[in-house]
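This is run_29.cif (mmCIF, C-alpha atoms and all ligand atoms).
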data_model
loop_
_atom_site.label_atom_id
_atom_site.label_comp_id
_atom_site.auth_asym_id
_atom_site.auth_seq_id
_atom_site.Cartn_x
_atom_site.Cartn_y
_atom_site.Cartn_z
CA MET F 27 -4.85 33.03 -13.26
CA LYS F 28 -6.14 30.22 -11.11
CA GLN F 29 -4.09 27.10 -10.60
CA SER F 30 -5.19 23.76 -12.02
CA PRO F 31 -6.80 21.64 -9.30
CA PHE F 32 -5.14 18.53 -10.77
CA LYS F 33 -1.73 17.22 -9.94
CA PHE F 34 0.35 14.43 -11.44
CA GLY F 35 3.92 13.17 -11.46
CA GLU F 36 4.47 13.65 -7.76
CA ILE F 37 3.04 12.29 -4.55
CA VAL F 38 -0.49 13.54 -4.00
CA THR F 39 -2.28 13.89 -0.67
CA GLY F 40 -5.17 15.85 0.83
CA GLN F 41 -7.34 17.63 -1.73
CA HIS F 42 -5.56 15.94 -4.65
CA PHE F 43 -6.18 12.49 -3.28
CA THR F 44 -9.33 10.44 -3.72
CA ASN F 45 -10.67 6.98 -2.89
CA ARG F 46 -8.52 4.21 -1.35
CA GLU F 47 -10.53 4.15 1.90
CA THR F 48 -10.28 0.39 2.21
CA GLU F 49 -6.54 0.40 1.63
CA ILE F 50 -6.05 3.24 4.10
CA GLU F 51 -8.03 1.37 6.69
CA SER F 52 -5.94 -1.79 6.23
CA LEU F 53 -2.74 0.19 6.37
CA GLN F 54 -3.74 2.02 9.53
CA LYS F 55 -4.70 -1.23 11.19
CA ASN F 56 -1.28 -2.54 10.22
CA PHE F 57 0.47 0.57 11.55
CA LEU F 58 -1.26 0.01 14.89
CA SER F 59 -0.23 -3.63 15.13
CA SER F 60 3.26 -3.17 13.59
CA GLN F 61 2.21 -5.59 10.87
CA ASN F 62 4.64 -5.66 7.95
CA THR F 63 2.93 -4.83 4.67
CA ILE F 64 3.92 -5.14 1.04
CA ILE F 65 2.20 -2.95 -1.54
CA ILE F 66 2.44 -3.89 -5.18
CA SER F 67 1.04 -2.30 -8.34
CA PRO F 68 2.23 -1.15 -11.73
CA ARG F 69 3.94 2.25 -11.79
CA ARG F 70 1.88 5.37 -11.18
CA TYR F 71 -1.15 3.71 -9.68
CA GLY F 72 -0.66 5.60 -6.44
CA LYS F 73 1.45 3.55 -4.03
CA SER F 74 3.63 6.40 -2.81
CA SER F 75 0.64 8.69 -2.48
CA LEU F 76 -1.33 6.05 -0.61
CA VAL F 77 1.35 5.46 2.03
CA LYS F 78 1.88 9.20 2.50
CA GLU F 79 -1.82 9.94 2.81
CA ALA F 80 -2.40 7.01 5.17
CA SER F 81 0.49 8.09 7.40
CA GLU F 82 -0.65 11.72 7.50
CA ARG F 83 -4.18 10.77 8.47
CA PHE F 84 -2.85 8.31 11.01
CA LEU F 85 -0.54 10.86 12.66
CA ASN F 86 -3.50 13.20 13.07
CA ILE F 87 -5.11 10.75 15.42
CA GLU F 88 -2.29 8.67 16.87
CA LYS F 89 0.69 10.03 18.74
CA GLY F 90 3.57 7.83 19.69
CA TYR F 91 4.73 6.86 16.21
CA TYR F 92 7.64 7.80 14.03
CA PHE F 93 7.29 7.38 10.29
CA CYS F 94 10.52 6.95 8.34
CA PHE F 95 10.54 7.32 4.57
CA LEU F 96 13.22 5.95 2.32
CA ASP F 97 12.95 6.03 -1.46
CA CYS F 98 15.21 3.55 -3.23
CA MET F 99 14.59 5.04 -6.66
CA TYR F 100 18.11 6.45 -6.84
CA VAL F 101 19.92 4.09 -4.53
CA TYR F 102 22.41 2.07 -6.53
CA SER F 103 24.44 0.00 -4.11
CA GLU F 104 24.18 -1.89 -0.88
CA GLU F 105 26.47 0.62 0.86
CA GLU F 106 24.39 3.54 -0.24
CA PHE F 107 21.34 1.69 0.98
CA TYR F 108 22.76 1.40 4.52
CA SER F 109 23.65 5.09 4.69
CA ARG F 110 20.31 6.21 3.36
CA PHE F 111 18.42 3.77 5.57
CA ALA F 112 20.19 4.91 8.72
CA THR F 113 19.75 8.57 7.76
CA ALA F 114 16.01 8.11 7.15
CA ILE F 115 15.52 6.42 10.52
CA LEU F 116 17.45 9.03 12.49
CA LYS F 117 15.79 11.88 10.65
CA ALA F 118 12.34 10.65 11.54
CA ALA F 119 13.24 10.59 15.22
CA CYS F 120 14.82 14.07 15.35
CA ASN F 121 13.44 17.57 15.05
CA ASN F 122 16.59 19.30 13.86
CA GLN F 123 20.19 18.87 12.79
CA GLU F 124 21.57 19.20 16.32
CA GLU F 125 19.39 16.39 17.62
CA PHE F 126 20.33 14.34 14.59
CA ILE F 127 24.03 14.72 15.33
CA GLN F 128 23.52 13.84 19.00
CA LEU F 129 21.46 10.79 18.21
CA ALA F 130 23.91 9.65 15.53
CA LYS F 131 26.70 9.88 18.13
CA LYS F 132 24.78 7.70 20.54
CA ALA F 133 23.14 5.21 18.24
CA MET F 134 25.77 4.98 15.50
CA LYS F 135 29.06 5.45 17.37
CA GLY F 136 31.91 6.36 15.04
CA SER F 137 29.77 7.40 12.08
CA ARG F 138 30.16 10.74 10.35
CA VAL F 139 27.41 13.28 9.81
CA THR F 140 27.62 15.54 6.77
CA SER F 141 24.91 17.36 4.93
CA THR F 142 23.39 17.17 1.50
CA VAL F 143 23.43 20.05 -0.99
CA THR F 144 20.04 21.11 0.33
CA GLY F 145 21.38 21.22 3.89
CA GLU F 146 19.71 18.05 5.10
CA PRO F 147 21.78 15.97 7.50
CA LEU F 148 23.27 12.83 5.99
CA LEU F 149 24.93 9.96 7.75
CA GLU F 150 28.03 8.91 5.89
CA LEU F 151 29.00 5.35 6.51
CA ASP F 152 32.16 4.14 4.89
CA ARG F 153 32.89 0.62 3.79
CA ASN F 154 34.76 -0.36 6.96
CA TYR F 155 32.20 1.12 9.24
CA ILE F 156 29.45 -0.76 7.46
CA LYS F 157 31.35 -4.03 7.55
CA ASP F 158 31.64 -3.88 11.33
CA ASN F 159 28.17 -2.49 11.99
CA ILE F 160 25.73 -4.06 9.57
CA TYR F 161 23.35 -5.27 12.23
CA ALA F 162 23.65 -2.10 14.30
CA ILE F 163 22.46 -0.26 11.20
CA LEU F 164 19.68 -2.66 10.36
CA ASN F 165 18.53 -2.74 13.98
CA LEU F 166 18.37 1.04 14.18
CA PRO F 167 14.55 1.19 14.08
CA ARG F 168 14.49 -1.09 17.11
CA THR F 169 17.11 1.03 18.88
CA ILE F 170 14.91 4.09 18.34
CA VAL F 171 11.93 2.29 19.85
CA ASP F 172 13.97 1.67 23.01
CA LYS F 173 15.54 5.09 23.22
CA LYS F 174 12.45 7.15 22.42
CA GLN F 175 9.63 4.94 23.65
CA LYS F 176 7.75 5.37 20.41
CA LYS F 177 6.77 2.87 17.78
CA VAL F 178 8.44 3.10 14.39
CA ILE F 179 6.97 2.57 10.93
CA VAL F 180 9.59 2.20 8.21
CA CYS F 181 8.28 2.95 4.73
CA ILE F 182 10.55 1.93 1.87
CA ASP F 183 9.50 3.01 -1.60
CA GLU F 184 10.73 1.40 -4.84
CA PHE F 185 11.94 -1.45 -2.67
CA GLN F 186 12.35 -3.72 -5.73
CA ASN F 187 15.48 -1.74 -6.59
CA ILE F 188 17.47 -3.62 -3.98
CA SER F 189 17.44 -6.54 -6.38
CA ARG F 190 19.73 -4.63 -8.74
CA PHE F 191 22.57 -4.43 -6.17
CA ASP F 192 25.48 -6.86 -6.34
CA LYS F 193 25.03 -9.77 -3.97
CA ASN F 194 21.47 -8.71 -3.32
CA HIS F 195 20.47 -12.14 -2.06
CA GLN F 196 22.85 -11.81 0.80
CA LEU F 197 21.43 -8.37 1.55
CA GLN F 198 17.89 -9.69 1.41
CA SER F 199 18.77 -12.41 3.91
CA ARG F 200 20.34 -9.86 6.21
CA LEU F 201 17.36 -7.55 6.05
CA ARG F 202 14.96 -10.36 6.73
CA SER F 203 16.94 -11.82 9.59
CA ALA F 204 17.27 -8.45 11.32
CA TRP F 205 13.79 -7.12 10.66
CA GLN F 206 11.80 -10.18 11.58
CA HIS F 207 12.77 -9.73 15.23
CA HIS F 208 11.70 -6.10 15.41
CA ASP F 209 8.92 -5.85 17.87
CA GLN F 210 7.06 -2.46 17.74
CA VAL F 211 8.43 -1.75 14.29
CA GLY F 212 6.33 -2.11 11.14
CA TYR F 213 7.84 -2.29 7.67
CA ILE F 214 5.85 -1.03 4.70
CA LEU F 215 7.64 -2.07 1.52
CA TYR F 216 6.27 -0.96 -1.82
CA GLY F 217 7.19 -0.91 -5.44
CA SER F 218 6.26 -1.98 -8.90
CA ARG F 219 4.99 -5.22 -10.02
CA ASN F 220 7.38 -7.72 -11.57
CA ARG F 221 10.44 -7.39 -9.42
CA MET F 222 8.44 -6.93 -6.23
CA THR F 223 6.62 -10.15 -6.95
CA GLU F 224 9.94 -11.90 -7.50
CA ILE F 225 11.24 -10.75 -4.12
CA PHE F 226 8.14 -11.59 -2.12
CA ASN F 227 6.63 -14.60 -3.84
CA MET F 228 9.69 -16.78 -4.28
CA THR F 229 9.04 -19.61 -1.87
CA ASN F 230 12.74 -20.07 -1.18
CA GLY F 231 13.50 -16.34 -1.05
CA PRO F 232 14.31 -14.56 2.22
CA PHE F 233 11.23 -12.32 1.99
CA TYR F 234 8.70 -15.07 1.48
CA LYS F 235 5.72 -14.47 3.82
CA PHE F 236 7.31 -11.34 5.25
CA GLY F 237 3.99 -9.56 5.60
CA GLU F 238 0.53 -8.91 4.37
CA THR F 239 0.37 -8.12 0.66
CA LEU F 240 -1.84 -5.41 -0.73
CA TYR F 241 -2.35 -5.16 -4.49
CA LEU F 242 -3.36 -1.72 -5.63
CA ASN F 243 -5.81 -1.42 -8.51
CA ARG F 244 -7.01 1.48 -10.59
CA ILE F 245 -9.72 3.70 -9.11
CA ARG F 246 -13.45 3.10 -9.68
CA THR F 247 -15.26 5.31 -12.18
CA LYS F 248 -17.74 6.72 -9.70
CA ARG F 249 -15.04 8.05 -7.41
CA LEU F 250 -12.92 9.45 -10.19
CA ARG F 251 -15.95 11.19 -11.63
CA GLU F 252 -16.84 12.79 -8.30
CA TYR F 253 -13.25 13.90 -7.93
CA VAL F 254 -13.05 15.48 -11.39
CA VAL F 255 -16.49 17.10 -11.26
CA ASN F 256 -15.77 18.62 -7.85
CA ALA F 257 -12.34 19.87 -8.88
CA PHE F 258 -13.83 21.66 -11.89
CA HIS F 259 -16.70 22.99 -9.84
CA SER F 260 -14.50 24.33 -7.06
CA THR F 261 -12.51 26.34 -9.59
CA GLY F 262 -15.55 27.86 -11.25
CA LYS F 263 -15.82 25.47 -14.20
CA GLU F 264 -18.28 22.79 -15.21
CA ILE F 265 -17.78 19.42 -16.85
CA SER F 266 -20.74 17.21 -17.82
CA LYS F 267 -21.12 13.68 -16.57
CA ASP F 268 -20.84 12.33 -20.13
CA ILE F 269 -17.61 14.10 -20.95
CA CYS F 270 -16.24 13.14 -17.58
CA ASN F 271 -17.05 9.49 -18.24
CA ALA F 272 -15.37 9.72 -21.62
CA VAL F 273 -12.25 11.12 -19.96
CA ILE F 274 -12.16 8.28 -17.45
CA ASP F 275 -12.78 5.67 -20.16
CA THR F 276 -10.03 7.05 -22.35
CA VAL F 277 -7.44 6.61 -19.63
CA GLU F 278 -9.08 3.39 -18.40
CA ASN F 279 -9.27 4.62 -14.79
CA HIS F 280 -5.52 5.07 -14.53
CA PRO F 281 -4.96 7.59 -11.70
CA TYR F 282 -1.91 9.33 -13.14
CA TYR F 283 -3.32 9.77 -16.65
CA LEU F 284 -6.69 10.77 -15.28
CA GLN F 285 -5.06 13.69 -13.49
CA GLN F 286 -2.95 14.58 -16.50
CA PHE F 287 -5.88 14.43 -18.92
CA ALA F 288 -8.19 16.36 -16.61
CA SER F 289 -5.52 18.97 -16.10
CA ILE F 290 -5.10 19.50 -19.86
CA ILE F 291 -8.86 19.87 -20.29
CA TRP F 292 -8.98 22.28 -17.39
CA PHE F 293 -6.35 24.50 -19.02
CA ILE F 294 -7.91 24.65 -22.47
CA SER F 295 -11.57 24.87 -21.49
CA GLY F 296 -13.65 27.91 -20.73
CA LYS F 297 -16.35 27.91 -18.08
CA LYS F 298 -18.02 24.87 -19.58
CA VAL F 299 -16.08 21.95 -21.04
CA THR F 300 -17.11 21.13 -24.63
CA LYS F 301 -16.67 18.04 -26.78
CA ALA F 302 -14.18 19.98 -28.86
CA ASP F 303 -12.12 20.62 -25.70
CA PHE F 304 -12.18 16.91 -25.04
CA SER F 305 -10.85 16.04 -28.51
CA GLU F 306 -8.18 18.69 -28.42
CA ALA F 307 -7.06 17.58 -24.96
CA LYS F 308 -6.90 13.95 -26.06
CA LYS F 309 -4.54 14.87 -28.87
CA ALA F 310 -2.42 16.87 -26.46
CA LEU F 311 -2.34 13.97 -24.00
CA ILE F 312 -0.98 11.72 -26.73
CA SER F 313 1.55 14.20 -27.98
CA TYR F 314 2.89 14.97 -24.48
CA ASN F 315 3.53 11.29 -23.93
CA LEU F 316 4.67 10.34 -27.40
CA ASN F 317 8.39 10.77 -26.79
CA LEU F 318 8.31 8.23 -24.01
CA TYR F 319 6.84 5.56 -26.21
CA ILE F 320 8.02 6.13 -29.71
CA GLU F 321 11.27 4.31 -29.12
CA LEU F 322 9.45 1.44 -27.52
CA LEU F 323 7.18 1.15 -30.56
CA ASP F 324 10.09 1.36 -32.98
CA ASN F 325 11.87 -1.48 -31.26
CA LEU F 326 9.03 -3.98 -31.42
CA THR F 327 9.44 -6.97 -33.73
CA ASN F 328 6.86 -7.73 -36.43
CA TYR F 329 5.59 -10.61 -34.35
CA GLN F 330 5.14 -8.33 -31.37
CA ILE F 331 3.28 -5.82 -33.48
CA GLY F 332 0.97 -8.61 -34.66
CA PHE F 333 0.44 -9.57 -31.05
CA LEU F 334 -0.48 -6.02 -30.05
CA LYS F 335 -2.77 -5.72 -33.08
CA ALA F 336 -4.65 -8.81 -31.93
CA LEU F 337 -4.93 -7.33 -28.46
CA LEU F 338 -6.13 -3.97 -29.80
CA SER F 339 -8.73 -5.80 -31.88
CA LYS F 340 -10.00 -7.29 -28.62
CA GLU F 341 -9.10 -10.85 -29.53
CA ASP F 342 -9.23 -12.76 -26.30
CA ARG F 343 -8.10 -16.16 -27.53
CA LEU F 344 -4.55 -15.28 -28.49
CA TYR F 345 -3.42 -18.88 -28.37
CA SER F 346 -6.06 -20.15 -30.76
CA ALA F 347 -5.13 -21.35 -34.26
CA GLU F 348 -7.41 -18.78 -35.95
CA VAL F 349 -5.90 -15.82 -34.13
CA ILE F 350 -2.35 -17.10 -34.65
CA SER F 351 -2.94 -17.39 -38.35
CA ALA F 352 -4.95 -14.17 -38.78
CA TYR F 353 -2.29 -12.04 -37.08
CA LYS F 354 0.72 -14.05 -38.23
CA LEU F 355 1.86 -14.89 -34.73
CA GLY F 356 3.85 -18.01 -35.65
CA SER F 357 3.04 -20.61 -33.03
CA THR F 358 1.64 -20.95 -29.53
CA ALA F 359 5.20 -21.12 -28.22
CA ASN F 360 5.92 -17.87 -29.99
CA VAL F 361 2.82 -16.24 -28.51
CA ARG F 362 3.97 -17.30 -25.07
CA ARG F 363 7.43 -15.87 -25.75
CA MET F 364 5.94 -12.56 -26.83
CA TYR F 365 3.63 -12.50 -23.89
CA ASN F 366 6.64 -12.88 -21.59
CA ALA F 367 8.72 -10.29 -23.43
CA LEU F 368 5.94 -7.71 -23.51
CA THR F 369 5.09 -8.29 -19.86
CA ASN F 370 8.72 -7.89 -18.89
CA LYS F 371 8.89 -4.65 -20.83
CA GLY F 372 5.85 -3.51 -18.85
CA ILE F 373 3.76 -3.07 -21.99
CA ILE F 374 1.06 -5.53 -21.13
CA VAL F 375 -0.23 -6.81 -17.82
CA LYS F 376 -2.21 -9.82 -16.92
CA GLU F 377 -5.40 -8.82 -15.19
CA VAL F 378 -7.80 -11.18 -13.49
CA ASP F 379 -9.35 -12.59 -16.64
CA ARG F 380 -7.55 -10.97 -19.55
CA MET F 381 -4.39 -9.45 -20.92
CA ALA F 382 -4.44 -5.68 -21.07
CA PHE F 383 -2.24 -2.78 -21.99
CA ALA F 384 -0.41 -1.66 -18.87
CA ASP F 385 -0.45 1.87 -20.10
CA PRO F 386 -3.65 3.33 -21.54
CA VAL F 387 -1.82 6.15 -23.29
CA PHE F 388 0.59 3.73 -24.92
CA LYS F 389 -2.54 1.95 -26.09
CA LEU F 390 -3.89 5.15 -27.67
CA ILE F 391 -0.56 5.68 -29.38
CA ALA F 392 -0.43 2.08 -30.58
CA GLU F 393 -3.98 2.40 -31.91
CA GLU F 394 -2.93 5.39 -33.98
CA ARG F 395 0.28 3.87 -35.24
CA ILE F 396 -0.26 0.19 -35.78
CA LEU F 397 -3.93 -0.49 -36.32
N1 LIG R 1 -5.59 8.30 -4.60
C1 LIG R 1 -5.34 9.11 -5.64
N2 LIG R 1 -6.22 10.06 -6.00
C2 LIG R 1 -5.99 10.85 -7.06
N3 LIG R 1 -4.90 10.78 -7.84
C3 LIG R 1 -3.97 9.85 -7.55
C4 LIG R 1 -4.14 8.96 -6.44
N4 LIG R 1 -3.09 8.14 -6.39
C5 LIG R 1 -2.29 8.50 -7.43
N5 LIG R 1 -2.80 9.51 -8.12
C6 LIG R 1 -2.22 10.15 -9.34
O1 LIG R 1 -1.22 9.26 -9.86
C7 LIG R 1 0.08 9.87 -9.82
C8 LIG R 1 1.11 8.83 -9.44
O2 LIG R 1 0.96 8.46 -8.08
P1 LIG R 1 2.14 7.82 -7.23
O3 LIG R 1 1.67 7.78 -5.82
O4 LIG R 1 3.42 8.51 -7.53
O5 LIG R 1 2.16 6.34 -7.86
P2 LIG R 1 3.21 5.16 -7.67
O6 LIG R 1 3.94 5.40 -6.39
O7 LIG R 1 2.37 3.92 -7.65
O8 LIG R 1 4.11 5.20 -8.87
C9 LIG R 1 -0.04 11.01 -8.84
O9 LIG R 1 0.85 12.06 -9.15
C10 LIG R 1 -1.50 11.44 -9.04
O10 LIG R 1 -1.62 12.27 -10.17
MG MG R 2 5.95 5.76 -6.23
#

Show me this structure written as structure tokens.
Amino acid sequence: MKQSPFKFGEIVTGQHFTNRETEIESLQKNFLSSQNTIIISPRRYGKSSLVKEASERFLNIEKGYYFCFLDCMYVYSEEEFYSRFATAILKAACNNQEEFIQLAKKAMKGSRVTSTVTGEPLLELDRNYIKDNIYAILNLPRTIVDKKQKKVIVCIDEFQNISRFDKNHQLQSRLRSAWQHHDQVGYILYGSRNRMTEIFNMTNGPFYKFGETLYLNRIRTKRLREYVVNAFHSTGKEISKDICNAVIDTVENHPYYLQQFASIIWFISGKKVTKADFSEAKKALISYNLNLYIELLDNLTNYQIGFLKALLSKEDRLYSAEVISAYKLGSTANVRRMYNALTNKGIIVKEVDRMAFADPVFKLIAEERIL
């Protein structure tokens, strides 16, 4: 049996990656000039994939750079952050465990190298070591530049998670004060919307104006369609332009759901995708994702449900007296409160000129359940 040409739920690059030429170009320009860059978007729009793809393409043409990757998804404390940061930097500059140990001895005198369950080297920094060496740790990228005569690009994913550490303001100030002096080092910091915006847009926050900000949007229909049609074609199947457009519309150009939906259709279809395949796949898409959202739906207040109903009915003047009365939304102050609560829960997002559901599949589920 052939493998599905679609991939979702992990970083995608190469044949599973489409579009984003402009973003890749900006990123590569920034890699070259060690320009710090912040990338912000809702979850699963493709930030991690974008940085990975851009770095891979860049390394094919440019030598003389180290790329370090640190994912803060499962980093829960400031101390853990230092250990993982230092490990990521050293790892990028070394080809094997032996080199790692040697470099750790030189650059992080007195630290201890252990290994993870998968055998990867890990720098263990205890509380006392960290206390005495905070800036040696944070300046590590700069140390590598001097020792190895290569430029360093530090990519930190889910960066917003640092704001959940105790005393994170102090940490933010430390990071900023160390990193802003790092010539030949570029920091690429990315993560999801609300908390990233808090860190980088607060005018009195340490990270204000730290770098160029790139907001990632969904992918244009034309490019998604080419991607899907080609993927079907290259695996001996055909999907019509109309069905393909319907797929893209259903998931509102959301990259993750596009790949998931296309993958389901690919599995259930024969040589030629039919309308019946489309309907069956749409049901499956909803049912696969239902568990994630059912609790969220159950916990909404009646007011919030009224608010979502108004949104699903394409009301665009949610603050108007007619809409407030028709959907029993209480008052304008109440609408504002709901808007804030639902945005904070990540259910709705403010787009350029409208409010929209952040998650197109949650929208499908909500349509079924509350309309
Ligand atoms: N450029 C792209 N082309 C095709 N699919 C993509 C692209 N970017 C993201 N995706 C899809 O979205 C999913 C989530 O991407 P990811 O990079 O993990 O997003 P984020 O880091 O923003 O949460 C991927 O697994 C893939 O299915
Ligand atoms: Mg990611």

Inset, instruction - For ligand LIG 1 (chain R), collect every residue having any atom at a distance of at most 10 Å from a ligand atom (counting all atoms listed in the file); output as number ranges by chain. - result: F: 32-47, 65-79, 183-184, 216-219, 242-245, 249-250, 253-254, 280-287, 289

How big is the axis-aligned box around the listed atoms of range 56-61 of chain F once 4 Å is added on each side, and where is its centre? Give both in Å to one decimal, as AutoDock Vina command-line options.
--center_x 1.0 --center_y -2.5 --center_z 12.7 --size_x 12.5 --size_y 14.2 --size_z 12.9

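All residues that come within 8 Å of the coordinates (-19.7, 27.7, -13.4), counting only C-alpha atoms, are given as His259, Gly262, Lys263, Glu264, Lys297 and Lys298 of chain F.
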
Inset, instruction - Please return, as number ranges by chain, all polymer residues that have at least one atom within 12 Å of the point (13.7, 5.9, 22.4); use only C-alpha atoms and the file's own coordinate frame. - result: F: 90-92, 116, 118-120, 129, 132-133, 166-178, 210

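Near range 200-205 of chain F, within 10 Å and counting all atoms listed in the file, sit F:Asn62, F:Ile160, F:Tyr161, F:Ala162, F:Ile163, F:Leu164, F:Asn165, F:Leu166, F:Pro167, F:Arg168, F:Asn194, F:His195, F:Val211, F:Gly212, F:Tyr213, F:Gly231, F:Pro232, F:Phe233, F:Tyr234, F:Phe236; same-chain residues fewer than 5 positions away were not included.
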
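Of note, CA of Lys376 in chain F and CA of Ile274 in chain F are spaced 20.7 Å apart.
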